[in-house]
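Have a look at the structure below before the remarks.
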Amino acid sequence: MTPTPLRVMIGAGEQRWDGWTPTQQADLNLLEPASFAAYFGDRQADDFLCEHVWEHLSVEEGERAARLVFRYLKPGGLLRVAVPDGNHPDPAYQAVVAVNGPGPAHDHQVLYTLDTLTPVFTQAGFGVQPLEWWDADGTFHHADWDVRDGPVYRSRQLDHRNAAFRAGVGAPGFTSLILDGWKPTGMA
Ligand SMILES: C[S@@+](CC[C@H](N)C(=O)[O-])C[C@H]1O[C@@H](n2cnc3c(N)ncnc32)[C@H](O)[C@@H]1O
């Protein structure tokens, strides 16, 4: 019998996706290696999914968190990460996601772009592939990523605010900077 893959959402909040185990900061704290040791023991996850969490850490904390997640990911496994996109051209979007912004953004510590988020994960050993992002000239880019590898709600593919764009009308509404980080095979 094929074992069920261990696919873990970090900082899930109220999000639930079939096949994914939601965890909260009290279960897996990206800043507390002991929480990962207690949760995983000798195990490693097949995949991790983490939507709109990394921006709540400083860059230095985010780098440490990337190394921690790398350690608890199986070789060949995927970490899919989404954060607010610092290059999104809409001022209303930027107001909502700003560092120390309103409501849930009150503890946002950093606003990433593709250029600044990528090294957070490459320094930890991940191979990185961008999935959705805006460039500095205000052009939106996306790869044809598979939601079965990790659904990200605030994305071109899934967010209700992008329905018109998906239908071929206008610009995207609410998107995220989304990356896949792969742990190379052959690494423990
Ligand atoms: C804006 S909410 C996003 C929740 C959910 N992922 C979503 O997309 O709706 C930010 C989440 O990050 C979590 N978080 C903040 N710091 C964290 C940390 N150090 N380790 C794990 N989760 C953390 C919070 O507990 C919260 O659930």
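Quick note on naming: the chains in the structure tokens go A, B, ... in the order shown, residues restart at 1 in each chain, and ligands are numbered from 1 in order of appearance.
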
Where does chain A meet ligand 1 within 6 Å, residue by residue, with the nearest atom pair and distance in Å to one decimal for each, counting only C-alpha atoms and all ligand atoms, listed by chain and rising number, as a Markdown table?
```
| residue | atom | partner | partner_atom_place_in_ligand_line | distance |
| --- | --- | --- | --- | --- |
| A:Ile10 | CA | ligand 1 | 21 (C) | 5.9 |
| A:Gly11 | CA | ligand 1 | 22 (N) | 3.9 |
| A:Ala12 | CA | ligand 1 | 6 (N) | 4.0 |
| A:Gly13 | CA | ligand 1 | 27 (O) | 4.1 |
| A:Gln15 | CA | ligand 1 | 9 (O) | 5.6 |
| A:Gln24 | CA | ligand 1 | 25 (O) | 5.8 |
| A:Gln25 | CA | ligand 1 | 21 (C) | 3.9 |
| A:Leu28 | CA | ligand 1 | 21 (C) | 5.7 |
| A:Asn29 | CA | ligand 1 | 20 (N) | 3.6 |
| A:Leu30 | CA | ligand 1 | 20 (N) | 3.9 |
| A:Leu31 | CA | ligand 1 | 19 (N) | 4.9 |
| A:Glu51 | CA | ligand 1 | 6 (N) | 4.4 |
| A:His52 | CA | ligand 1 | 3 (C) | 4.9 |
| A:Val53 | CA | ligand 1 | 12 (O) | 4.1 |
| A:His56 | CA | ligand 1 | 15 (C) | 5.4 |
| A:Pro104 | CA | ligand 1 | 1 (C) | 5.8 |
```

*What residues in chain A get the DSSP label strand (DSSP E)? Please answer as a ChimeraX atom specification.*
/A:7-9,21-22,45-51,73-83,127-134,140-142,177-182

_For range 157-169 of chain A, find every residue with an atom within 12 Å (counting only C-alpha atoms), except residues of its own chain fewer than 2 positions away, and show them as a list in words._
Tyr93, Leu131, Glu132, Phe140, His142, Ala143, Asp144, Trp145, Asp146, Val147, Arg148, Gly150, Pro151, Val152, Tyr153, Arg154, Ser155, Ala171, Pro172, Gly173, Phe174, Thr175, Ser176 and Ile178 of chain A

File dump, residues just selected, C-alpha atoms, as a short mmCIF file (atom, residue, chain, number, x, y, z; two decimals), in the first residue's frame:
```cif
data_model
loop_
_atom_site.label_atom_id
_atom_site.label_comp_id
_atom_site.auth_asym_id
_atom_site.auth_seq_id
_atom_site.Cartn_x
_atom_site.Cartn_y
_atom_site.Cartn_z
CA TYR A 93 -3.23 46.69 -2.78
CA LEU A 131 5.02 30.89 -10.10
CA GLU A 132 3.31 34.30 -9.98
CA PHE A 140 2.38 40.44 -14.26
CA HIS A 142 2.91 33.56 -14.15
CA ALA A 143 3.90 29.97 -14.72
CA ASP A 144 1.25 27.33 -15.39
CA TRP A 145 1.43 25.86 -11.91
CA ASP A 146 -0.70 22.97 -10.71
CA VAL A 147 -3.01 23.66 -7.75
CA ARG A 148 -2.73 19.97 -6.82
CA GLY A 150 -0.34 23.26 -3.32
CA PRO A 151 -3.36 25.53 -3.62
CA VAL A 152 -2.76 29.23 -2.95
CA TYR A 153 -6.03 31.12 -2.58
CA ARG A 154 -4.67 34.63 -3.12
CA SER A 155 -3.56 33.77 -6.63
CA ALA A 171 -5.69 43.20 -15.09
CA PRO A 172 -5.41 40.80 -12.16
CA GLY A 173 -6.89 42.01 -8.87
CA PHE A 174 -5.45 40.46 -5.72
CA THR A 175 -2.40 38.32 -6.45
CA SER A 176 0.58 37.08 -4.47
CA ILE A 178 4.35 32.81 -5.23
#
```

*With only C-alpha atoms as the basis for distance, which of A:Asp42, A:Asp180, A:Glu55, A:Asp90 is at the shortest distance from Gln129 in chain A?*
A:Asp180

*Residue contacts of Tyr72 in chain A (8 Å, only C-alpha atoms) excluding same-chain residues fewer than 6 positions away, as a list in words*: Phe36, Phe40, Arg43, Gln44 and Ala45 of chain A

For the selection you just gave me, I'd like the residues written to a file as a PDB file, in the first residue's frame, keeping N, CA, C and O atoms.
```pdb
ATOM      1  N   PHE A  36       9.197  22.108  15.635  1.00  0.00           N
ATOM      2  CA  PHE A  36       9.319  21.183  14.499  1.00  0.00           C
ATOM      3  C   PHE A  36       9.822  19.825  14.987  1.00  0.00           C
ATOM      4  O   PHE A  36       9.341  18.780  14.541  1.00  0.00           O
ATOM      5  N   PHE A  40       7.571  16.610  14.275  1.00  0.00           N
ATOM      6  CA  PHE A  40       8.012  15.655  13.247  1.00  0.00           C
ATOM      7  C   PHE A  40       8.813  14.482  13.815  1.00  0.00           C
ATOM      8  O   PHE A  40       8.827  13.411  13.216  1.00  0.00           O
ATOM      9  N   ARG A  43      10.504  12.179  11.372  1.00  0.00           N
ATOM     10  CA  ARG A  43       9.845  12.249  10.061  1.00  0.00           C
ATOM     11  C   ARG A  43      10.244  13.523   9.312  1.00  0.00           C
ATOM     12  O   ARG A  43      10.785  14.470   9.880  1.00  0.00           O
ATOM     13  N   GLN A  44       9.947  13.526   8.022  1.00  0.00           N
ATOM     14  CA  GLN A  44      10.036  14.738   7.208  1.00  0.00           C
ATOM     15  C   GLN A  44       8.747  14.836   6.402  1.00  0.00           C
ATOM     16  O   GLN A  44       8.129  13.820   6.061  1.00  0.00           O
ATOM     17  N   ALA A  45       8.354  16.058   6.080  1.00  0.00           N
ATOM     18  CA  ALA A  45       7.149  16.265   5.270  1.00  0.00           C
ATOM     19  C   ALA A  45       7.459  15.970   3.807  1.00  0.00           C
ATOM     20  O   ALA A  45       8.578  16.165   3.336  1.00  0.00           O
TER      21      ALA A  45
END
```

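Non-sequential neighbours of Val120 in chain A (distance at most 7 Å, separation of 5 or more positions within a chain, only C-alpha atoms) are Gly62, Glu63 and Ala66 of chain A.
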
Test item: residues at most 8 Å from Leu111 in chain A, only C-alpha atoms, excluding those fewer than 3 positions along its chain, as a PDB file with N, CA and C atoms, in the first residue's frame:
```pdb
ATOM      1  N   GLU A  55       5.857  37.052   5.451  1.00  0.00           N
ATOM      2  CA  GLU A  55       5.973  38.507   5.607  1.00  0.00           C
ATOM      3  C   GLU A  55       5.792  38.939   7.054  1.00  0.00           C
ATOM      4  N   PRO A  84       2.620  38.754   0.077  1.00  0.00           N
ATOM      5  CA  PRO A  84       2.222  39.933  -0.703  1.00  0.00           C
ATOM      6  C   PRO A  84       3.355  40.349  -1.645  1.00  0.00           C
ATOM      7  N   ASP A  85       2.957  40.901  -2.783  1.00  0.00           N
ATOM      8  CA  ASP A  85       3.935  41.232  -3.823  1.00  0.00           C
ATOM      9  C   ASP A  85       4.244  42.735  -3.797  1.00  0.00           C
ATOM     10  N   GLY A  86       5.481  43.069  -3.459  1.00  0.00           N
ATOM     11  CA  GLY A  86       5.895  44.473  -3.366  1.00  0.00           C
ATOM     12  C   GLY A  86       5.892  45.203  -4.684  1.00  0.00           C
ATOM     13  N   VAL A  97      -1.338  45.731   2.206  1.00  0.00           N
ATOM     14  CA  VAL A  97      -0.284  44.774   2.577  1.00  0.00           C
ATOM     15  C   VAL A  97       0.951  45.454   3.176  1.00  0.00           C
ATOM     16  N   ALA A  98       0.908  46.757   3.367  1.00  0.00           N
ATOM     17  CA  ALA A  98       2.092  47.520   3.801  1.00  0.00           C
ATOM     18  C   ALA A  98       2.676  46.992   5.109  1.00  0.00           C
ATOM     19  N   VAL A  99       3.963  47.211   5.297  1.00  0.00           N
ATOM     20  CA  VAL A  99       4.620  46.924   6.571  1.00  0.00           C
ATOM     21  C   VAL A  99       3.901  47.732   7.652  1.00  0.00           C
ATOM     22  N   HIS A 108       3.069  42.960   9.682  1.00  0.00           N
ATOM     23  CA  HIS A 108       3.904  42.704   8.501  1.00  0.00           C
ATOM     24  C   HIS A 108       5.262  43.359   8.720  1.00  0.00           C
TER      25      HIS A 108
END
```

*Mind the document's chain letters and residue numbers, and return as a PyMOL selection string the residues of range 29-179 of chain A that DSSP labels alpha helix (DSSP H).*
chain A and resi 33-40+59-71+91-97+114-122+163-166

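Put simply, CA of Ala136 in chain A is 9.5 Å away from CA of Leu114 in chain A.
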